[in-house]
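> Structure supplied as upload.cif; contents: mmCIF, C-alpha atoms and all ligand atoms.
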```cif
data_start
loop_
_atom_site.label_atom_id
_atom_site.label_comp_id
_atom_site.auth_asym_id
_atom_site.auth_seq_id
_atom_site.Cartn_x
_atom_site.Cartn_y
_atom_site.Cartn_z
CA MET A 1 0.00 0.00 0.00
CA SER A 2 1.30 3.36 -0.98
CA HIS A 3 -0.11 5.26 2.00
CA GLU A 4 3.03 4.58 4.03
CA ARG A 5 4.82 7.00 1.75
CA GLU A 6 5.27 10.55 3.08
CA PRO A 7 2.55 12.87 1.81
CA THR A 8 3.52 15.34 -0.91
CA HIS A 9 3.71 18.81 0.58
CA TYR A 10 2.58 21.72 -1.55
CA ARG A 11 2.55 25.42 -0.85
CA THR A 12 -1.14 25.56 -1.76
CA LEU A 13 -3.94 23.25 -2.81
CA PHE A 14 -7.18 24.32 -4.48
CA LEU A 15 -10.15 21.93 -4.44
CA SER A 16 -13.68 22.55 -5.64
CA ASP A 17 -16.93 20.86 -6.58
CA ILE A 18 -16.62 17.91 -4.23
CA HIS A 19 -20.41 17.66 -3.80
CA LEU A 20 -20.44 15.83 -0.46
CA GLY A 21 -23.97 14.57 0.16
CA THR A 22 -24.44 13.20 -3.34
CA ARG A 23 -23.90 9.73 -4.71
CA GLY A 24 -21.66 11.17 -7.39
CA CYS A 25 -19.08 12.42 -4.89
CA GLN A 26 -15.84 10.44 -5.13
CA ALA A 27 -15.24 10.52 -1.38
CA GLU A 28 -12.99 7.43 -1.26
CA LEU A 29 -10.80 8.87 -3.95
CA LEU A 30 -10.69 12.24 -2.20
CA LEU A 31 -9.74 10.57 1.10
CA ASP A 32 -6.91 8.85 -0.70
CA PHE A 33 -5.89 12.18 -2.20
CA LEU A 34 -5.92 13.83 1.25
CA ARG A 35 -3.79 11.04 2.71
CA HIS A 36 -1.14 11.67 0.08
CA ASN A 37 -1.25 15.44 -0.30
CA GLU A 38 -1.04 18.33 2.12
CA ALA A 39 -0.36 22.05 1.92
CA ASP A 40 0.41 25.20 3.90
CA THR A 41 -2.82 26.70 2.58
CA ILE A 42 -5.89 24.89 1.27
CA TYR A 43 -8.65 26.66 -0.60
CA LEU A 44 -12.06 25.00 -0.85
CA VAL A 45 -13.42 26.74 -3.91
CA GLY A 46 -17.16 26.06 -3.57
CA ASP A 47 -19.72 23.29 -4.02
CA ILE A 48 -17.98 21.32 -1.27
CA ILE A 49 -21.22 20.18 0.38
CA ASP A 50 -24.27 19.83 -1.84
CA GLY A 51 -27.04 21.49 0.14
CA TRP A 52 -29.68 21.13 -2.59
CA ARG A 53 -29.34 17.38 -2.79
CA LEU A 54 -29.35 17.03 0.98
CA LYS A 55 -32.62 18.99 1.04
CA SER A 56 -34.28 16.48 -1.27
CA GLY A 57 -33.07 13.41 0.65
CA TRP A 58 -30.38 12.70 3.18
CA TYR A 59 -27.34 10.94 1.78
CA TRP A 60 -24.35 11.12 4.06
CA PRO A 61 -22.23 7.96 4.21
CA GLN A 62 -19.29 7.56 6.58
CA ALA A 63 -16.76 8.40 3.87
CA HIS A 64 -18.31 11.87 3.53
CA ASN A 65 -17.89 12.39 7.27
CA ASP A 66 -14.31 11.18 6.96
CA VAL A 67 -13.61 13.83 4.31
CA VAL A 68 -14.82 16.59 6.65
CA GLN A 69 -12.77 15.13 9.52
CA LYS A 70 -9.73 14.87 7.28
CA PHE A 71 -10.03 18.54 6.31
CA LEU A 72 -10.38 19.60 9.95
CA ARG A 73 -7.39 17.46 10.89
CA GLN A 74 -5.29 19.26 8.28
CA VAL A 75 -6.30 22.54 9.94
CA ARG A 76 -5.33 21.21 13.38
CA LYS A 77 -1.98 20.13 11.93
CA GLY A 78 -1.36 23.73 10.88
CA SER A 79 -2.79 24.20 7.39
CA ARG A 80 -4.59 27.44 6.75
CA MET A 81 -7.97 26.66 5.20
CA LEU A 82 -10.24 29.09 3.37
CA TYR A 83 -13.72 28.13 2.25
CA VAL A 84 -15.25 30.09 -0.62
CA PRO A 85 -18.86 28.85 -0.88
CA GLY A 86 -20.42 28.09 -4.26
CA ASN A 87 -24.01 27.84 -5.43
CA HIS A 88 -24.65 24.28 -4.22
CA ASP A 89 -23.41 25.22 -0.75
CA GLU A 90 -24.82 28.72 -0.75
CA PHE A 91 -26.16 28.09 2.80
CA ALA A 92 -22.52 28.64 3.83
CA ARG A 93 -22.71 32.15 2.37
CA ASP A 94 -24.69 33.08 5.52
CA PHE A 95 -21.45 32.42 7.44
CA ILE A 96 -19.13 34.59 5.38
CA GLY A 97 -16.70 36.39 7.67
CA THR A 98 -16.80 33.71 10.34
CA VAL A 99 -14.35 30.97 11.27
CA PHE A 100 -15.61 27.40 11.71
CA GLY A 101 -13.26 24.90 13.35
CA GLY A 102 -10.38 27.01 12.10
CA VAL A 103 -11.81 27.23 8.57
CA GLU A 104 -12.25 30.80 7.31
CA VAL A 105 -15.47 31.28 5.35
CA VAL A 106 -15.00 34.04 2.78
CA ASP A 107 -16.93 35.40 -0.20
CA ARG A 108 -13.78 35.59 -2.31
CA ALA A 109 -10.08 35.51 -1.62
CA TYR A 110 -6.86 36.80 -3.11
CA HIS A 111 -4.04 34.33 -3.18
CA VAL A 112 -0.47 35.49 -3.76
CA THR A 113 1.72 32.79 -5.26
CA ALA A 114 5.35 32.27 -4.27
CA ASP A 115 6.41 34.08 -7.45
CA GLY A 116 4.20 37.06 -6.62
CA LYS A 117 1.12 36.52 -8.78
CA ARG A 118 -2.09 37.81 -7.22
CA LEU A 119 -4.99 35.47 -7.96
CA LEU A 120 -8.68 36.11 -7.39
CA VAL A 121 -10.27 33.00 -5.85
CA VAL A 122 -14.01 32.66 -6.46
CA HIS A 123 -16.35 29.74 -7.20
CA GLY A 124 -17.66 31.22 -10.45
CA ASP A 125 -21.45 30.88 -10.33
CA GLN A 126 -21.66 34.65 -9.80
CA PHE A 127 -20.82 34.99 -13.48
CA ASP A 128 -23.57 32.77 -14.87
CA MET A 129 -25.61 35.71 -16.14
CA VAL A 130 -22.48 37.34 -17.52
CA VAL A 131 -21.72 34.14 -19.43
CA LYS A 132 -25.28 33.76 -20.67
CA HIS A 133 -25.36 37.29 -22.02
CA ALA A 134 -21.67 37.59 -22.89
CA ARG A 135 -22.26 39.02 -26.34
CA TRP A 136 -24.48 41.98 -25.52
CA LEU A 137 -22.60 42.67 -22.30
CA ALA A 138 -19.41 43.09 -24.28
CA ALA A 139 -21.23 45.64 -26.43
CA LEU A 140 -22.89 47.49 -23.56
CA GLY A 141 -19.86 47.60 -21.30
CA ASP A 142 -19.30 48.23 -17.66
CA TRP A 143 -22.68 49.05 -16.15
CA ALA A 144 -24.34 46.15 -17.96
CA TYR A 145 -21.67 43.81 -16.67
CA THR A 146 -22.20 45.04 -13.13
CA PHE A 147 -25.97 44.73 -13.57
CA ALA A 148 -25.66 41.15 -14.81
CA LEU A 149 -23.55 40.20 -11.79
CA TRP A 150 -26.02 41.88 -9.48
CA SER A 151 -29.10 40.40 -11.15
CA ASN A 152 -27.62 36.89 -10.99
CA ILE A 153 -27.22 37.19 -7.23
CA GLY A 154 -30.66 38.83 -6.84
CA PHE A 155 -32.39 36.33 -9.12
CA ASN A 156 -31.02 33.38 -7.22
CA LYS A 157 -31.74 34.95 -3.82
CA ILE A 158 -35.42 35.21 -4.82
CA ARG A 159 -35.44 31.62 -6.11
CA ARG A 160 -33.86 30.50 -2.85
CA SER A 161 -36.42 32.37 -0.72
CA LEU A 162 -39.17 30.62 -2.70
CA GLY A 163 -37.54 27.26 -2.08
CA PHE A 164 -36.38 26.76 -5.66
CA PRO A 165 -32.83 25.55 -6.29
CA TYR A 166 -30.21 27.78 -7.82
CA TRP A 167 -30.68 28.22 -11.55
CA SER A 168 -27.54 26.63 -12.94
CA LEU A 169 -26.09 27.85 -16.17
CA SER A 170 -23.62 24.98 -16.28
CA ALA A 171 -26.35 22.35 -15.86
CA TRP A 172 -28.41 24.14 -18.49
CA ALA A 173 -25.45 24.30 -20.88
CA LYS A 174 -24.59 20.64 -20.33
CA LEU A 175 -28.09 19.67 -21.47
CA LYS A 176 -27.42 21.50 -24.70
CA VAL A 177 -24.34 19.44 -25.47
CA LYS A 178 -23.44 21.16 -28.69
CA ASN A 179 -23.17 24.44 -26.79
CA ALA A 180 -20.99 22.99 -24.04
CA VAL A 181 -17.69 23.93 -25.69
CA ASN A 182 -18.90 27.48 -26.34
CA PHE A 183 -20.14 27.67 -22.80
CA ILE A 184 -16.78 26.63 -21.35
CA SER A 185 -14.91 29.21 -23.39
CA ALA A 186 -17.46 31.92 -22.48
CA PHE A 187 -17.09 30.99 -18.81
CA GLU A 188 -13.30 31.12 -19.01
CA GLU A 189 -13.48 34.49 -20.75
CA ALA A 190 -15.90 35.92 -18.14
CA LEU A 191 -13.66 34.78 -15.28
CA ALA A 192 -10.50 36.08 -16.95
CA GLU A 193 -12.30 39.40 -17.44
CA ALA A 194 -13.22 39.43 -13.72
CA ALA A 195 -9.52 39.03 -12.90
CA ARG A 196 -8.65 41.93 -15.22
CA ARG A 197 -11.31 44.15 -13.62
CA ASP A 198 -9.81 43.34 -10.22
CA GLU A 199 -6.33 44.10 -11.54
CA ALA A 200 -5.35 40.59 -10.50
CA ASP A 201 -2.84 38.44 -12.38
CA GLY A 202 -5.33 35.63 -12.66
CA VAL A 203 -8.30 33.78 -11.26
CA VAL A 204 -8.85 30.42 -9.58
CA CYS A 205 -12.38 29.05 -9.81
CA GLY A 206 -14.46 25.89 -10.07
CA HIS A 207 -18.15 25.49 -10.95
CA ILE A 208 -17.93 23.95 -14.43
CA HIS A 209 -16.13 20.74 -13.44
CA HIS A 210 -13.39 21.25 -15.97
CA ALA A 211 -9.82 21.65 -14.70
CA ALA A 212 -7.57 24.03 -16.57
CA ILE A 213 -4.54 26.27 -16.34
CA ARG A 214 -4.52 28.64 -19.27
CA ASP A 215 -3.16 32.02 -20.23
CA MET A 216 -6.04 34.24 -21.32
CA GLY A 217 -4.61 37.39 -22.80
CA GLY A 218 -2.16 38.09 -20.02
CA VAL A 219 -4.12 36.72 -17.07
CA VAL A 220 -3.97 33.14 -15.95
CA TYR A 221 -7.26 31.23 -15.81
CA VAL A 222 -7.14 28.35 -13.34
CA ASN A 223 -9.97 25.91 -12.67
CA SER A 224 -9.61 23.21 -10.02
CA GLY A 225 -12.14 20.90 -11.72
CA ASP A 226 -14.06 18.54 -9.44
CA PHE A 227 -14.11 15.38 -7.36
CA VAL A 228 -17.20 13.94 -9.05
CA GLU A 229 -16.15 13.09 -12.57
CA SER A 230 -12.59 14.11 -13.27
CA CYS A 231 -11.10 14.03 -9.71
CA THR A 232 -8.68 16.91 -10.02
CA ALA A 233 -7.10 19.56 -7.84
CA ILE A 234 -4.72 22.43 -8.42
CA ALA A 235 -1.40 22.37 -6.59
CA GLU A 236 1.02 25.26 -6.16
CA HIS A 237 4.64 24.19 -5.80
CA ALA A 238 7.13 25.96 -3.50
CA ASP A 239 8.34 28.09 -6.44
CA GLY A 240 4.83 29.25 -7.39
CA ARG A 241 4.37 26.86 -10.29
CA LEU A 242 0.77 25.70 -10.66
CA GLU A 243 -0.14 22.18 -11.70
CA ILE A 244 -3.30 20.16 -12.30
CA VAL A 245 -3.22 17.00 -10.17
CA HIS A 246 -5.34 14.13 -11.51
CA TRP A 247 -6.09 11.60 -8.81
CA GLN A 248 -6.89 7.98 -9.54
CA LEU A 249 -6.99 4.90 -7.37
CA THR A 250 -4.92 1.92 -8.37
CA ALA A 251 -6.94 -1.20 -9.28
CA VAL A 252 -6.08 -2.74 -5.91
CA GLN A 253 -7.24 0.34 -4.02
CA GLN A 254 -10.43 0.44 -6.09
CA LYS A 255 -11.23 -3.11 -5.02
CA ALA A 256 -10.51 -2.29 -1.37
CA ALA A 257 -12.70 0.83 -1.51
CA ALA A 258 -15.56 -1.10 -3.12
CA ALA A 259 -15.27 -3.81 -0.45
CA ALA A 260 -15.25 -1.20 2.31
CA ALA A 261 -18.35 0.47 0.85
CA GLN A 262 -20.04 -2.96 0.66
CA VAL A 263 -19.26 -3.64 4.34
CA ARG A 264 -20.65 -0.25 5.32
CA ALA A 265 -23.84 -0.85 3.31
CA VAL A 266 -24.34 -4.27 4.95
CA THR A 267 -23.60 -2.86 8.42
CA LYS A 268 -26.06 -0.05 7.81
CA ALA A 269 -28.75 -2.42 6.57
CA ALA A 270 -28.27 -4.58 9.68
CA ALA A 271 -28.44 -1.61 12.05
MN MN B 1 -21.13 25.38 -8.81
#
```
Would it be possible to restate this file's structure as structure tokens?


Amino acid sequence: MSHEREPTHYRTLFLSDIHLGTRGCQAELLLDFLRHNEADTIYLVGDIIDGWRLKSGWYWPQAHNDVVQKFLRQVRKGSRMLYVPGNHDEFARDFIGTVFGGVEVVDRAYHVTADGKRLLVVHGDQFDMVVKHARWLAALGDWAYTFALWSNIGFNKIRRSLGFPYWSLSAWAKLKVKNAVNFISAFEEALAEAARRDEADGVVCGHIHHAAIRDMGGVVYVNSGDFVESCTAIAEHADGRLEIVHWQLTAVQQKAAAAAAQVRAVTKAAA
């Protein structure tokens, strides 16, 4: 077993779109990742816990608890942890400005890399309206852009107060498969533009479950991907270099994880 090996230590790790509380969440894989990787600073870039799914039916296996415990243990061991809520865990937005078990809950963050790049850290759902209306916003300019950002937040606040889930541009775009590629590039462009407006050197986000590190006209666009489908994270090395980490279990580990899940299911059924 490889877990006897010393964990890889990074300056920073960015993780997003874990979706704890859903069957799609790759909790076993994430636990394995967290056993093998640690960092001075860890950013949780939104959609960590899926509040909408939990509302429509409780799904919270032991492995999902273990993920939370593992995160908190990293904090106790000295990692700084910042939690930037997304749209699926927007309930956490009520706690912005507070510290939970050592985890700082923030609306957005600015991360400075070892080589001095200032990166805006934000989940990305705030830009859904901007992405949807990218073409006319570009024509209308600044106030329209600001209005789109504001209306997205307002629109979803009203939906939330009426008990409707967040209107998801990414889910909507995924249904229209032929638009998915356009949607991804529009999202990347909107986020890069947000970095430019903030006079940042780049942006780190999540939301669209598509990991990337890309130069976008002088700003770096970084997306940490997800732990549902692609199982990716972004790591910053000691020298400031950013890298996409793809995490996969070995065949042996996959078998062990499946067996463990089976045992838990049987135990639960017997209880
Ligand atoms: Mn999201």

> So which residues touch A:Leu13 within 8 Å, counting only C-alpha atoms, skipping near sequence neighbours fewer than 2 positions away, as a ChimeraX atom specification?

/A:10-11,15,38-39,41-43,233-236

> Keeping only C-alpha atoms, write the selected residues as a PDB file, in the coordinates of the input.


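Output contents, as saved in part20.pdb:
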```
ATOM      1  CA  TYR A  10       2.580  21.720  -1.550  1.00  0.00           C
ATOM      2  CA  ARG A  11       2.550  25.420  -0.850  1.00  0.00           C
ATOM      3  CA  LEU A  15     -10.150  21.930  -4.440  1.00  0.00           C
ATOM      4  CA  GLU A  38      -1.040  18.330   2.120  1.00  0.00           C
ATOM      5  CA  ALA A  39      -0.360  22.050   1.920  1.00  0.00           C
ATOM      6  CA  THR A  41      -2.820  26.700   2.580  1.00  0.00           C
ATOM      7  CA  ILE A  42      -5.890  24.890   1.270  1.00  0.00           C
ATOM      8  CA  TYR A  43      -8.650  26.660  -0.600  1.00  0.00           C
ATOM      9  CA  ALA A 233      -7.100  19.560  -7.840  1.00  0.00           C
ATOM     10  CA  ILE A 234      -4.720  22.430  -8.420  1.00  0.00           C
ATOM     11  CA  ALA A 235      -1.400  22.370  -6.590  1.00  0.00           C
ATOM     12  CA  GLU A 236       1.020  25.260  -6.160  1.00  0.00           C
TER      13      GLU A 236
END
```

> Can you list, as a list of chain:residue names, every protein, DNA or RNA residue that comes within 12 Å of A:Ala148 when you count all atoms listed in the file, leaving out same-chain residues fewer than 5 positions away?

A:Asp125, A:Gln126, A:Phe127, A:Asp128, A:Met129, A:Val130, A:Val131, A:Lys132, A:His133, A:Ala134, A:Trp136, A:Leu137, A:Ala138, A:Leu140, A:Gly141, A:Asp142, A:Trp143, A:Ile153, A:Gly154, A:Phe155, A:Ala190

> For ligand MN 1 (chain B), collect every residue having any atom at a distance of at most 9 Å from a ligand atom (counting all atoms listed in the file); output as a PyMOL selection string.

chain A and resi 16-17+46-47+85-89+123-125+168+170+206-209

> Identify which of the residues A:Leu44, A:Ala63, A:Leu82, A:Cys231 lies closest to A:Leu20, counting all atoms listed in the file when measuring atom-to-atom distances.

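Checking each candidate against A:Leu20, we get A:Ala63 as the closest.
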
> Taking all atoms listed in the file into account, name the residue in A:Leu34, A:Ala238, A:Leu119, A:Ala144 that is nearest to A:Gly202.

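Among the listed residues, A:Leu119 lies closest to A:Gly202.
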
> Between atom CA of A:Val84 and atom CA of A:Gly97, what is the distance, to one decimal in Å?

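Atom CA of A:Gly97 lies at a distance of 10.5 Å from atom CA of A:Val84.
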
> Find, counting all atoms listed in the file, the residue in A:Gly217, A:Arg196, A:Ile48, A:Asp115 that gets nearest to A:Arg241.

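Checking each of A:Gly217, A:Arg196, A:Ile48, A:Asp115 against A:Arg241, counting all atoms listed in the file, the winner is A:Asp115.
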
> Report, in Å with one decimal, the straight-line distance from atom CA of A:His64 to atom CA of A:Ala27.

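Separation between atom CA of A:His64 and atom CA of A:Ala27: 5.9 Å.
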
> When distances are computed from all atoms listed in the file, which of A:Val222, A:Cys205, A:Ala211, A:Ala92 shows the smallest separation from A:Gly51?

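Of A:Val222, A:Cys205, A:Ala211, A:Ala92, the one nearest A:Gly51, counting all atoms listed in the file, is A:Ala92.
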
> With all atoms listed in the file as the atoms that count, which of A:Pro61, A:Asp50, A:His19, A:Glu188 lies nearest to A:Gln262?

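With all atoms listed in the file as the atom set, the closest residue is A:Pro61.
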
> So what do you get for atom CA of A:Tyr221 versus atom CA of A:Ile184, distance-wise?

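We find that atom CA of A:Tyr221 and atom CA of A:Ile184 lie 11.9 Å from each other.
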